[in-house]
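One file, coords_24.txt, carrying compact mmCIF, C-alpha atoms and all ligand atoms:
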# COMPACT_ATOMS: atom_id res chain seq x y z
CA MET D 194 48.67 193.95 87.80
CA ASP D 195 45.60 195.64 86.46
CA LEU D 196 44.15 195.02 82.99
CA SER D 197 43.89 198.07 80.78
CA ILE D 198 40.75 197.96 78.63
CA GLU D 199 39.91 199.86 75.47
CA GLN D 200 36.19 200.48 75.88
CA THR D 201 33.80 202.54 73.78
CA CYS D 202 31.40 204.95 75.46
CA PRO D 203 27.96 203.24 75.57
CA SER D 204 26.32 206.62 74.85
CA CYS D 205 28.41 208.23 72.08
CA GLY D 206 30.86 205.54 70.99
CA ALA D 207 34.00 207.55 71.83
CA PRO D 208 37.03 205.47 72.86
CA ILE D 209 37.71 205.42 76.61
CA GLU D 210 40.50 203.66 78.46
CA LEU D 211 39.33 201.72 81.47
CA HIS D 212 40.93 199.68 84.20
CA GLU D 213 39.71 196.29 85.24
CA ALA D 214 38.08 197.47 88.46
CA ASP D 215 36.31 200.43 86.82
CA ARG D 216 32.54 200.39 86.98
CA LEU D 217 31.48 204.00 86.46
CA ILE D 218 32.36 205.25 83.00
CA LYS D 219 32.37 209.03 82.82
CA CYS D 220 32.76 209.93 79.16
CA PRO D 221 34.94 213.02 78.61
CA PHE D 222 33.34 213.55 75.18
CA CYS D 223 29.58 213.40 75.83
CA ASP D 224 29.74 213.84 79.63
CA VAL D 225 27.28 210.98 80.19
CA GLY D 226 27.81 208.53 83.06
CA ASN D 227 27.23 204.82 82.54
CA TYR D 228 27.55 202.12 85.15
CA LEU D 229 28.81 198.69 84.14
CA VAL D 230 26.54 195.89 85.41
CA SER D 231 28.39 193.04 87.12
CA ALA D 232 27.81 189.87 85.16
CA GLY D 233 30.00 187.05 86.39
CA VAL D 234 32.93 186.52 84.05
CA SER D 235 34.03 189.52 81.93
CA ARG D 236 35.33 188.66 78.44
CA PHE D 237 38.25 190.34 76.73
CA VAL D 238 40.34 189.72 73.65
CA LEU D 239 44.02 190.50 73.09
CA PRO D 240 44.54 192.82 70.08
CA ASP D 241 45.92 190.97 67.04
CA LYS D 242 48.19 191.82 64.14
CA ALA D 243 46.96 189.09 61.79
CA PRO D 244 47.98 189.62 58.12
CA GLU D 245 45.34 191.09 55.83
CA CYS D 246 45.06 187.90 53.78
CA ILE D 247 43.29 186.31 56.77
CA ALA D 248 39.58 187.14 56.63
CA ARG D 249 38.26 188.45 59.96
CA GLU D 250 35.58 185.73 60.05
CA ASP D 251 38.33 183.12 59.85
CA MET D 252 39.96 184.33 63.05
CA ILE D 253 39.83 181.94 66.00
CA TYR D 254 39.77 182.91 69.66
CA ALA D 255 41.04 180.56 72.37
CA PRO D 256 39.79 181.19 75.94
CA TYR D 257 42.13 181.68 78.91
CA LEU D 258 40.74 182.05 82.40
CA ARG D 259 42.28 184.67 84.62
CA PHE D 260 42.08 184.79 88.41
CA LYS D 261 43.12 187.85 90.33
CA GLY D 262 42.43 188.27 94.01
CA ASN D 263 43.21 187.34 97.57
CA ILE D 264 43.17 183.82 98.92
CA PHE D 265 42.89 183.34 102.67
CA SER D 266 43.63 179.93 104.16
CA CYS D 267 43.14 178.78 107.74
CA ARG D 268 45.60 175.94 107.96
CA GLY D 269 47.35 174.15 110.81
CA LYS D 270 47.55 176.85 113.47
CA GLN D 271 47.71 179.94 111.33
CA VAL D 272 45.81 182.20 108.96
CA ASP D 273 47.65 182.62 105.69
CA HIS D 274 46.98 184.93 102.75
CA ARG D 275 48.23 185.46 99.21
CA VAL D 276 47.57 187.84 96.35
CA ILE D 277 47.32 185.68 93.23
CA ASP D 278 47.18 186.76 89.58
CA THR D 279 47.23 183.92 87.07
CA THR D 280 45.87 182.90 83.67
CA HIS D 281 45.35 179.37 82.45
CA GLN D 282 44.17 177.79 79.20
CA GLY D 283 40.40 177.36 79.31
CA MET D 284 40.57 174.22 77.16
CA ASP D 285 42.98 171.41 76.48
CA ILE D 286 45.05 171.98 73.31
CA PRO D 287 48.74 171.09 73.70
CA THR D 288 49.65 173.28 70.68
CA LEU D 289 48.58 176.39 72.60
CA PRO D 290 50.62 178.05 75.33
CA LEU D 291 49.50 176.89 78.79
CA SER D 292 49.23 180.45 80.10
CA LEU D 293 49.20 183.96 78.62
CA GLY D 294 52.09 184.92 80.86
CA LEU D 295 52.48 188.66 81.19
CA ARG D 296 50.75 189.50 77.92
CA PRO D 297 47.39 190.67 79.38
CA GLN D 298 49.29 193.22 81.47
CA ALA D 299 51.59 194.38 78.71
CA MET D 300 48.90 195.41 76.24
CA LYS D 301 45.44 196.93 76.21
CA VAL D 302 42.71 194.31 75.99
CA LEU D 303 39.43 194.86 74.14
CA PRO D 304 36.00 193.88 75.45
CA VAL D 305 34.43 191.04 73.47
CA THR D 306 31.59 192.56 71.42
CA ASP D 307 29.48 191.64 68.38
CA THR D 308 32.03 193.40 66.12
CA ILE D 309 34.24 190.31 66.40
CA ALA D 310 33.48 188.23 63.33
CA GLY D 311 35.64 185.19 64.09
CA ARG D 312 34.85 182.05 66.02
CA PHE D 313 35.36 181.35 69.70
CA PHE D 314 36.56 178.03 71.03
CA LYS D 315 34.36 176.66 73.75
CA GLN D 316 35.69 177.19 77.24
CA VAL D 317 35.96 173.61 78.45
CA GLU D 318 37.63 174.19 81.80
CA LYS D 319 35.22 175.28 84.49
CA VAL D 320 35.80 178.38 86.61
CA ALA D 321 36.45 175.98 89.50
CA THR D 322 39.59 174.83 87.69
CA ILE D 323 41.17 178.27 87.77
CA LEU D 324 40.25 178.54 91.46
CA THR D 325 42.03 175.24 92.13
CA LYS D 326 45.01 176.44 90.11
CA ALA D 327 45.09 179.69 92.09
CA THR D 328 44.92 177.84 95.42
CA ASP D 329 47.71 175.51 94.29
CA MET D 330 49.81 178.56 93.59
CA ALA D 331 48.94 180.02 96.99
CA ALA D 332 49.99 176.76 98.67
CA LEU D 333 53.23 176.78 96.70
CA PHE D 334 54.18 180.16 98.11
CA SER D 335 53.17 179.34 101.67
CA SER D 336 55.78 179.28 104.36
CA ASP D 337 56.68 175.92 105.92
CA GLU D 338 54.91 176.70 109.20
CA ALA D 339 51.66 177.09 107.29
CA VAL D 340 51.62 173.43 106.35
CA GLY D 341 48.97 171.49 108.20
CA ALA D 342 45.34 170.51 107.81
CA LEU D 343 43.27 173.00 105.82
CA TYR D 344 40.20 174.06 107.82
CA HIS D 345 38.87 176.98 105.81
CA ARG D 346 39.58 178.85 102.62
CA ALA D 347 38.09 182.06 101.21
CA PHE D 348 38.53 184.01 97.98
CA ILE D 349 38.10 187.70 98.70
CA GLY D 350 37.82 190.57 96.25
CA GLU D 351 38.57 188.33 93.30
CA THR D 352 37.86 188.97 89.65
CA ILE D 353 37.60 186.10 87.21
CA SER D 354 37.80 187.01 83.56
CA CYS D 355 38.10 185.19 80.28
CA ILE D 356 40.79 186.53 77.96
CA TYR D 357 40.82 185.25 74.38
CA LEU D 358 44.05 184.67 72.49
CA PRO D 359 43.52 185.40 68.76
CA LEU D 360 44.73 182.69 66.36
CA TYR D 361 44.55 181.85 62.66
CA LEU D 362 45.29 178.91 60.40
CA GLN D 363 47.50 179.34 57.36
CA ASP D 364 48.60 176.42 55.17
CA GLY D 365 47.77 173.93 57.92
CA THR D 366 49.80 175.78 60.52
CA LEU D 367 48.33 177.46 63.57
CA TYR D 368 49.53 181.01 64.27
CA ASP D 369 49.46 183.16 67.38
CA ALA D 370 47.92 186.34 65.91
CA VAL D 371 49.31 188.65 68.60
CA LEU D 372 52.91 187.84 67.71
CA ASN D 373 52.27 186.40 64.21
CA ARG D 374 54.30 183.37 65.20
CA PRO D 375 53.59 179.75 64.26
CA LEU D 376 52.51 177.57 67.17
CA GLY D 377 52.51 174.21 65.39
CA LYS D 378 50.43 171.97 63.17
CA GLY D 379 46.80 173.01 63.11
CA ASP D 380 45.27 169.50 62.92
CA ALA D 381 43.87 169.37 66.44
CA VAL D 382 42.55 172.89 66.04
CA ALA D 383 40.88 172.14 62.69
CA LEU D 384 38.88 169.41 64.43
CA LEU D 385 37.86 171.72 67.26
CA MET D 386 36.69 174.33 64.77
CA GLN D 387 33.52 172.31 64.27
CA GLU D 388 32.56 173.10 67.86
CA ALA D 389 33.67 176.73 67.80
CA MET D 390 30.90 179.32 67.96
CA ARG D 391 30.22 182.86 66.85
CA TYR D 392 29.73 185.75 69.26
CA ASN D 393 27.11 185.05 71.90
CA PRO D 394 24.79 188.07 72.48
CA ALA D 395 24.56 187.08 76.17
CA TRP D 396 28.19 188.24 76.50
CA THR D 397 27.32 191.86 75.68
CA PRO D 398 28.28 194.11 78.60
CA ARG D 399 25.27 195.93 80.06
CA PHE D 400 25.21 199.48 81.36
CA LEU D 401 22.87 201.41 83.65
CA ALA D 402 22.12 205.12 83.34
CA THR D 403 23.46 206.87 86.44
CA ILE D 404 20.13 208.30 87.56
CA CYS D 405 18.94 208.18 91.16
CA PRO D 406 15.92 205.82 91.29
CA HIS D 407 14.49 207.90 94.15
CA CYS D 408 14.71 211.52 92.95
CA ALA D 409 16.06 211.25 89.37
CA GLY D 410 19.16 213.23 90.38
CA THR D 411 22.55 212.28 88.97
CA LEU D 412 24.39 209.49 90.76
CA ALA D 413 28.04 210.22 91.37
CA GLY D 414 31.08 208.18 92.32
CA GLU D 415 34.70 207.43 91.54
CA HIS D 416 35.58 205.29 88.53
CA ASP D 417 35.92 202.17 90.72
CA SER D 418 33.03 202.86 93.16
CA LEU D 419 30.66 200.01 93.90
CA VAL D 420 28.35 202.40 95.73
CA LEU D 421 27.09 205.55 94.00
CA SER D 422 25.74 208.59 95.80
CA CYS D 423 22.93 211.03 95.11
CA THR D 424 23.75 214.32 96.81
CA ASN D 425 20.30 215.62 95.97
CA CYS D 426 18.39 213.21 98.24
CA GLU D 427 21.43 212.04 100.28
CA SER D 428 21.04 208.39 99.32
CA LEU D 429 23.52 205.66 98.37
CA TRP D 430 22.98 202.98 95.74
CA ALA D 431 24.59 199.68 94.76
CA GLU D 432 23.97 197.67 91.61
CA LYS D 433 22.56 194.16 91.96
CA GLU D 434 21.13 192.01 89.18
CA GLY D 435 21.05 194.91 86.76
CA ALA D 436 19.32 197.54 88.93
CA PHE D 437 20.30 200.07 91.60
CA HIS D 438 19.20 199.21 95.12
CA PRO D 439 19.36 201.56 98.15
CA VAL D 440 22.22 201.00 100.60
CA ASN D 441 21.54 201.24 104.33
CA TRP D 442 24.21 203.67 105.51
CA ARG D 443 25.39 206.11 108.18
CA ILE D 444 28.30 208.38 108.79
CA LEU D 445 29.98 209.14 112.10
CA ARG D 446 31.00 212.80 111.86
CA SER D 447 34.20 214.04 113.40
CA GLU D 448 33.79 216.00 116.62
CA GLN D 449 36.96 217.95 116.03
CA GLU D 450 37.09 221.59 114.91
CA GLY D 451 37.48 222.24 111.16
CA ASP D 452 36.53 218.83 109.83
CA ASN D 453 39.05 217.87 107.13
CA HIS D 454 38.82 214.15 107.74
CA LEU D 455 38.79 211.36 105.25
CA TYR D 456 35.73 209.15 105.75
CA LEU D 457 36.54 205.49 105.18
CA PRO D 458 33.69 203.02 104.57
CA PHE D 459 33.21 199.84 106.62
CA TRP D 460 30.63 197.09 106.31
CA LYS D 461 29.16 196.75 109.79
CA ILE D 462 27.79 193.23 109.81
CA ARG D 463 25.71 191.67 112.55
CA PRO D 464 26.43 187.98 112.08
CA ALA D 465 24.15 184.98 112.29
CA VAL D 466 26.47 182.29 113.64
CA THR D 467 25.76 178.57 113.83
CA GLY D 468 27.98 176.03 115.57
CA LEU D 469 29.16 178.53 118.16
CA GLN D 470 27.81 180.78 120.94
CA LEU D 471 28.62 184.17 119.46
CA ALA D 472 25.77 186.66 119.83
CA SER D 473 27.12 189.41 122.07
CA PHE D 474 30.34 191.39 122.08
CA GLY D 475 31.02 189.72 125.47
CA ASP D 476 30.78 186.25 123.83
CA PHE D 477 33.25 187.45 121.21
CA LEU D 478 35.78 188.74 123.76
CA ARG D 479 35.63 185.44 125.68
CA LEU D 480 35.80 183.21 122.59
CA THR D 481 38.75 185.01 121.02
CA ASN D 482 40.38 185.35 124.45
CA GLN D 483 41.09 189.07 124.31
CA PRO D 484 43.23 190.46 127.16
CA VAL D 485 40.36 192.51 128.64
CA VAL D 486 37.95 192.03 131.52
CA VAL D 487 34.54 191.18 130.06
CA LYS D 488 31.98 193.52 131.62
CA ARG D 489 28.20 193.46 131.79
CA GLU D 490 27.92 196.17 129.11
CA HIS D 491 29.95 193.96 126.75
CA ASP D 492 27.35 191.22 127.12
CA ALA D 493 24.56 193.72 126.47
CA LEU D 494 26.11 194.76 123.14
CA ASP D 495 25.26 192.82 119.95
CA LEU D 496 28.40 191.61 118.20
CA CYS D 497 29.12 193.25 114.85
CA PHE D 498 32.04 192.68 112.53
CA TRP D 499 33.63 195.82 111.10
CA VAL D 500 35.04 194.94 107.70
CA PRO D 501 36.87 197.45 105.45
CA ALA D 502 34.61 198.19 102.45
CA PHE D 503 37.67 198.98 100.31
CA LYS D 504 40.42 196.89 98.85
CA ILE D 505 43.73 196.84 100.69
CA ARG D 506 46.48 194.25 100.95
CA PRO D 507 45.22 191.04 102.66
CA ASN D 508 47.37 191.36 105.80
CA LEU D 509 46.21 194.97 106.30
CA PHE D 510 42.62 193.95 105.57
CA LEU D 511 42.75 191.34 108.36
CA ASN D 512 44.51 193.70 110.77
CA LEU D 513 42.09 196.56 110.19
CA ALA D 514 39.03 194.31 110.51
CA LYS D 515 40.55 192.98 113.74
CA SER D 516 41.28 196.34 115.39
CA MET D 517 37.97 197.88 114.38
CA THR D 518 35.94 194.85 115.51
CA ILE D 519 37.74 194.75 118.87
CA SER D 520 37.20 198.51 119.34
CA GLN D 521 33.52 198.52 118.36
CA ALA D 522 32.24 199.54 121.81
CA ARG D 523 33.85 202.95 121.27
CA ILE D 524 32.12 203.68 117.95
CA GLY D 525 28.98 205.81 118.21
CA GLU D 526 25.78 205.84 116.14
CA GLY D 527 26.10 208.60 113.54
CA ALA D 528 23.52 209.74 110.98
CA SER D 529 22.80 209.59 107.23
CA GLU D 530 24.15 212.95 106.13
CA MET D 531 26.86 213.22 103.51
CA ALA D 532 30.42 214.48 103.94
CA LYS D 533 32.62 215.77 101.13
CA THR D 534 35.44 213.28 101.50
CA MET D 535 33.83 209.87 101.46
CA TYR D 536 36.26 207.23 100.21
CA PRO D 537 34.85 204.94 97.49
CA VAL D 538 33.50 201.50 98.37
CA THR D 539 35.55 199.00 96.33
CA LEU D 540 34.76 195.77 98.20
CA PRO D 541 31.13 194.59 97.97
CA SER D 542 29.22 193.54 101.10
CA SER D 543 28.92 189.97 99.75
CA GLU D 544 32.73 189.67 99.78
CA ALA D 545 32.86 191.14 103.27
CA VAL D 546 30.44 188.44 104.47
CA GLN D 547 32.63 185.75 102.90
CA SER D 548 35.60 187.05 104.88
CA LEU D 549 33.94 186.82 108.32
CA LYS D 550 35.14 183.33 109.25
CA THR D 551 38.72 184.22 108.33
CA ILE D 552 38.50 187.47 110.31
CA LEU D 553 37.19 185.59 113.36
CA ALA D 554 39.95 182.96 113.04
CA ASN D 555 42.56 185.70 112.73
CA ILE D 556 41.34 187.51 115.86
CA THR D 557 41.22 184.35 117.99
CA MET D 558 44.34 184.06 120.16
CA ASP D 559 44.38 180.28 120.50
CA LYS D 560 44.38 179.33 116.81
CA ARG D 561 45.67 175.82 117.44
CA HIS D 562 42.41 174.86 119.17
CA PHE D 563 40.03 177.18 117.33
CA LEU D 564 40.96 176.53 113.68
CA PRO D 565 39.93 172.81 113.70
CA GLN D 566 36.40 173.95 114.70
CA LEU D 567 35.98 176.12 111.59
CA PRO D 568 34.44 173.47 109.28
CA ALA D 569 31.52 173.10 111.72
CA ILE D 570 30.95 176.86 112.04
CA ASP D 571 28.84 178.94 109.69
CA VAL D 572 28.86 182.74 109.71
CA GLN D 573 26.25 184.61 107.66
CA ALA D 574 25.02 188.21 107.74
CA GLN D 575 21.89 189.00 109.73
CA GLN D 576 22.08 192.74 109.14
CA THR D 577 24.49 194.79 107.03
CA GLU D 578 25.08 198.50 107.13
CA LEU D 579 27.64 200.73 105.46
CA VAL D 580 29.27 203.05 108.01
CA TYR D 581 31.75 205.81 107.20
CA LEU D 582 34.23 206.65 109.95
CA PRO D 583 36.45 209.75 110.20
CA PHE D 584 40.22 209.29 109.80
CA ALA D 585 42.57 212.24 110.42
CA SER D 586 45.88 212.53 108.65
CA SER D 587 48.91 212.69 110.94
CA GLY D 588 52.06 212.54 108.85
CA HIS D 589 52.25 209.17 107.19
CA ASP D 590 49.29 207.70 109.05
CA LEU D 591 45.53 208.00 109.02
CA VAL D 592 44.12 207.79 112.54
CA GLN D 593 40.54 206.86 113.28
CA GLU D 594 39.11 209.43 115.70
CA GLN D 595 36.95 207.31 118.04
CA THR D 596 39.12 204.19 118.26
CA THR D 597 42.64 205.62 117.52
CA VAL D 598 43.13 202.69 115.11
CA SER D 599 45.63 203.79 112.46
CA ILE D 600 46.69 202.75 108.97
CA ALA D 601 49.47 204.03 106.71
CA SER D 602 48.05 206.59 104.24
CA ASN D 603 49.83 205.08 101.22
CA VAL D 604 48.06 201.70 101.56
CA LEU D 605 44.83 203.20 100.25
CA GLN D 606 46.34 204.32 96.96
CA PHE D 607 47.99 200.95 96.56
CA GLY D 608 44.73 199.10 97.19
CA ARG D 609 43.03 200.79 94.23
CA SER D 610 45.06 198.65 91.83
CA LEU D 611 44.53 195.35 93.69
ZN ZN D 701 30.38 209.44 75.36
ZN ZN D 702 18.34 211.08 94.76

Can the structure from this file be put into structure tokens for me?
Ligand SMILES: [Zn+2]
Ligand SMILES: [Zn+2]
Amino acid sequence: MDLSIEQTCPSCGAPIELHEADRLIKCPFCDVGNYLVSAGVSRFVLPDKAPECIAREDMIYAPYLRFKGNIFSCRGKQVDHRVIDTTHQGMDIPTLPLSLGLRPQAMKVLPVTDTIAGRFFKQVEKVATILTKATDMAALFSSDEAVGALYHRAFIGETISCIYLPLYLQDGTLYDAVLNRPLGKGDAVALLMQEAMRYNPAWTPRFLATICPHCAGTLAGEHDSLVLSCTNCESLWAEKEGAFHPVNWRILRSEQEGDNHLYLPFWKIRPAVTGLQLASFGDFLRLTNQPVVVKREHDALDLCFWVPAFKIRPNLFLNLAKSMTISQARIGEGASEMAKTMYPVTLPSSEAVQSLKTILANITMDKRHFLPQLPAIDVQAQQTELVYLPFASSGHDLVQEQTTVSIASNVLQFGRSL
């Protein structure tokens, strides 16, 4: 489930409702676009209903870490995947609930800003703890066949956020301020209060003006786009470390009459592989043991991975990366000219690179012998390019023109909330 966030417009202060994955805030009141800079862990607070006799500066906020994303595991002789969404106490106070349960999904959360006068408990648990917790959950749900030695694990498309539970002390009792319910004696909490801190200015969310760094045109995109476009100079931009950087991109236009295709983005990644001979497409076909005759032209072609640049369910993600990578010899060059229907990029290239080993393991036919080699193999990106490919709608499916690879049309809509 997606978090619903009550944000204020960075330009005019009007209230705007956002979803967790939203990056581009288009304000309906002042019409100004602002792009949210990615800054590690996002901080939110659950809205409270504390009684008026509790001064706002006496409020206490307890951190909970939330993990939401896909976990891929290469274990035994199979590649396994799970979608995990979990919260866990970011400290160790037995009086407090261990998890927030469904609460973050049932109510709008507020971004942590300097308007919060209370004190925040220190987050003691490291982010690694929530990752371990998430992987434990993934293992718990695994099928029996998946049990075996773990050779590789990857977190793909994950968001890690810190959600604060508001609390207050009244007559020595600790209260949950969301429900106004007593949690227990406040002794342990009173001690911890000495270490609690006020709002940290470093937590303030940062925004970028949506102006093209090249021509000063307006950058456009969907609310959850990680890549913004300037139609004025036909350039694409992605935020990194608080600034927009140009994206190396191409589009392969449809050759059919009356182009009404949907252009889906893929990260085309030329890998740098160590621990394995995997430079050409021919090497790849032999290694993964594809049922094709490896020809001279296959050996002359550099291997590239084709990874969906948008979020979809993990099994579909692996399948699509597999069929596109196997069919790469049929995909032409294309050019950098924009089409009207370019689907938003919602998976960053860094995440795509992290998925390469899992994608390779999933494509390989003989997993029993290949998976144990994974710890000694390293796959990095040598060259990354964003390529948009035309998909035509045929009933319930979207069919890629050059490769005839197809996906169900409804999986795209579903992926937007992952
Ligand atoms: Zn505004
Ligand atoms: Zn421009």

Between D:Pro398, D:Pro501, D:Pro359, D:Gly451, which has the minimum distance to Ser516 in chain D (counting only C-alpha atoms)?
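For Ser516 in chain D, the nearest of the given residues is D:Pro501.
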
Gap from CA of Val440 in chain D to CA of Glu427 in chain D - Å, one decimal
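Distance between the two atoms: 11.1 Å.
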
Can you check which parts of chain D lie within 12 Å of ligand ZN 702 (chain D)? Per residue, the shortest pair of atoms and distance in Å to one decimal, counting all atoms listed in the file, sorted by chain and number, as JSON lines.
{"residue": "D:Thr403", "atom": "CA", "partner": "D:ZN702", "partner_atom": "ZN", "distance": 10.6}
{"residue": "D:Ile404", "atom": "CA", "partner": "D:ZN702", "partner_atom": "ZN", "distance": 7.9}
{"residue": "D:Cys405", "atom": "CA", "partner": "D:ZN702", "partner_atom": "ZN", "distance": 4.7}
{"residue": "D:Pro406", "atom": "CA", "partner": "D:ZN702", "partner_atom": "ZN", "distance": 6.8}
{"residue": "D:His407", "atom": "CA", "partner": "D:ZN702", "partner_atom": "ZN", "distance": 5.0}
{"residue": "D:Cys408", "atom": "CA", "partner": "D:ZN702", "partner_atom": "ZN", "distance": 4.1}
{"residue": "D:Ala409", "atom": "CA", "partner": "D:ZN702", "partner_atom": "ZN", "distance": 5.9}
{"residue": "D:Gly410", "atom": "CA", "partner": "D:ZN702", "partner_atom": "ZN", "distance": 4.9}
{"residue": "D:Thr411", "atom": "CA", "partner": "D:ZN702", "partner_atom": "ZN", "distance": 7.3}
{"residue": "D:Leu412", "atom": "CA", "partner": "D:ZN702", "partner_atom": "ZN", "distance": 7.4}
{"residue": "D:Ala413", "atom": "CA", "partner": "D:ZN702", "partner_atom": "ZN", "distance": 10.3}
{"residue": "D:Leu421", "atom": "CA", "partner": "D:ZN702", "partner_atom": "ZN", "distance": 10.4}
{"residue": "D:Ser422", "atom": "CA", "partner": "D:ZN702", "partner_atom": "ZN", "distance": 7.9}
{"residue": "D:Cys423", "atom": "CA", "partner": "D:ZN702", "partner_atom": "ZN", "distance": 4.6}
{"residue": "D:Thr424", "atom": "CA", "partner": "D:ZN702", "partner_atom": "ZN", "distance": 6.6}
{"residue": "D:Asn425", "atom": "CA", "partner": "D:ZN702", "partner_atom": "ZN", "distance": 5.1}
{"residue": "D:Cys426", "atom": "CA", "partner": "D:ZN702", "partner_atom": "ZN", "distance": 4.1}
{"residue": "D:Glu427", "atom": "CA", "partner": "D:ZN702", "partner_atom": "ZN", "distance": 6.4}
{"residue": "D:Ser428", "atom": "CA", "partner": "D:ZN702", "partner_atom": "ZN", "distance": 5.9}
{"residue": "D:Leu429", "atom": "CA", "partner": "D:ZN702", "partner_atom": "ZN", "distance": 8.3}
{"residue": "D:Trp430", "atom": "CA", "partner": "D:ZN702", "partner_atom": "ZN", "distance": 9.4}
{"residue": "D:Phe437", "atom": "CA", "partner": "D:ZN702", "partner_atom": "ZN", "distance": 11.6}
{"residue": "D:His438", "atom": "CA", "partner": "D:ZN702", "partner_atom": "ZN", "distance": 11.9}
{"residue": "D:Pro439", "atom": "CA", "partner": "D:ZN702", "partner_atom": "ZN", "distance": 10.2}

Test item: residues at most 8 Å from Phe498 in chain D, all atoms listed in the file, excluding those fewer than 2 positions along its chain, as an MDAnalysis selection string:
chainID D and resid 460:464 496 500 514 518 549

Can you tell me which residues sit at most 6 Å away from ligand ZN 701 (chain D), counting all atoms listed in the file, written as a ChimeraX atom specification?
/D:202,204-207,220,222-223,225

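Comparing D:Ser266, D:Ser418, D:Gln282, D:Gln298 by their smallest distance to Val320 in chain D, the closest is D:Gln282 (using all atoms listed in the file).
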
Selected residue of minimal separation from Asp495 in chain D among D:Ser473, D:Gln575, D:Ser542, D:Asn508, counting all atoms listed in the file
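That would be D:Ser473, the residue with the smallest distance to Asp495 in chain D.
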
Atomic separation - CA of Leu605 in chain D relative to CA of Met558 in chain D, Å
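CA of Met558 in chain D sits 27.6 Å away from CA of Leu605 in chain D.
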
When you count all atoms listed in the file, which of these residues is closest to Thr322 in chain D: D:Gln483, D:Ser587, D:Thr279, D:Thr288?
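Nearest candidate to Thr322 in chain D out of D:Gln483, D:Ser587, D:Thr279, D:Thr288: D:Thr279.
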
So that I can check the surroundings of Pro394 in chain D, please list as a PDB file with C-alpha atoms, keeping the file's coordinate frame every protein, DNA and RNA residue that reaches within 12 Å of it, counting all atoms listed in the file and ignoring chain neighbours fewer than 3 positions away.
ATOM      1  CA  VAL D 305      34.430 191.040  73.470  1.00  0.00           C
ATOM      2  CA  THR D 306      31.590 192.560  71.420  1.00  0.00           C
ATOM      3  CA  ASP D 307      29.480 191.640  68.380  1.00  0.00           C
ATOM      4  CA  THR D 308      32.030 193.400  66.120  1.00  0.00           C
ATOM      5  CA  ILE D 309      34.240 190.310  66.400  1.00  0.00           C
ATOM      6  CA  MET D 390      30.900 179.320  67.960  1.00  0.00           C
ATOM      7  CA  ARG D 391      30.220 182.860  66.850  1.00  0.00           C
ATOM      8  CA  THR D 397      27.320 191.860  75.680  1.00  0.00           C
ATOM      9  CA  PRO D 398      28.280 194.110  78.600  1.00  0.00           C
ATOM     10  CA  ARG D 399      25.270 195.930  80.060  1.00  0.00           C
TER      11      ARG D 399
END

For a test of reading the model, state the distance in Å between CA of His416 in chain D and CA of Leu217 in chain D, rounded to one decimal.
4.8 Å

Calculated over all atoms listed in the file, which of the candidates D:Lys315, D:Ile247, D:Arg374, D:Arg346 has the smallest distance to Gln387 in chain D?
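Once distances to Gln387 in chain D are computed over all atoms listed in the file, the minimum belongs to D:Lys315.
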
Can you list, as an NGL selection string, every protein, DNA or RNA residue that comes within 12 Å of Leu553 in chain D when you count only C-alpha atoms, leaving out same-chain residues fewer than 4 positions away?
:D and (267 or 272 or 345 or 464 or 466 or 469 or 471 or 477-478 or 480-482 or 496-500 or 511-512 or 514-516 or 518-519 or 546-549 or 557-560 or 563-564 or 566-567 or 570-572)

Go through D:Ala528, D:Ala214, D:Met284, D:Met517 one by one, measure the shortest atom-to-atom distance of each to Leu419 in chain D using all atoms listed in the file, and give the residue with the smallest value.
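Answer, going by the shortest atom-to-atom distance: D:Ala214.
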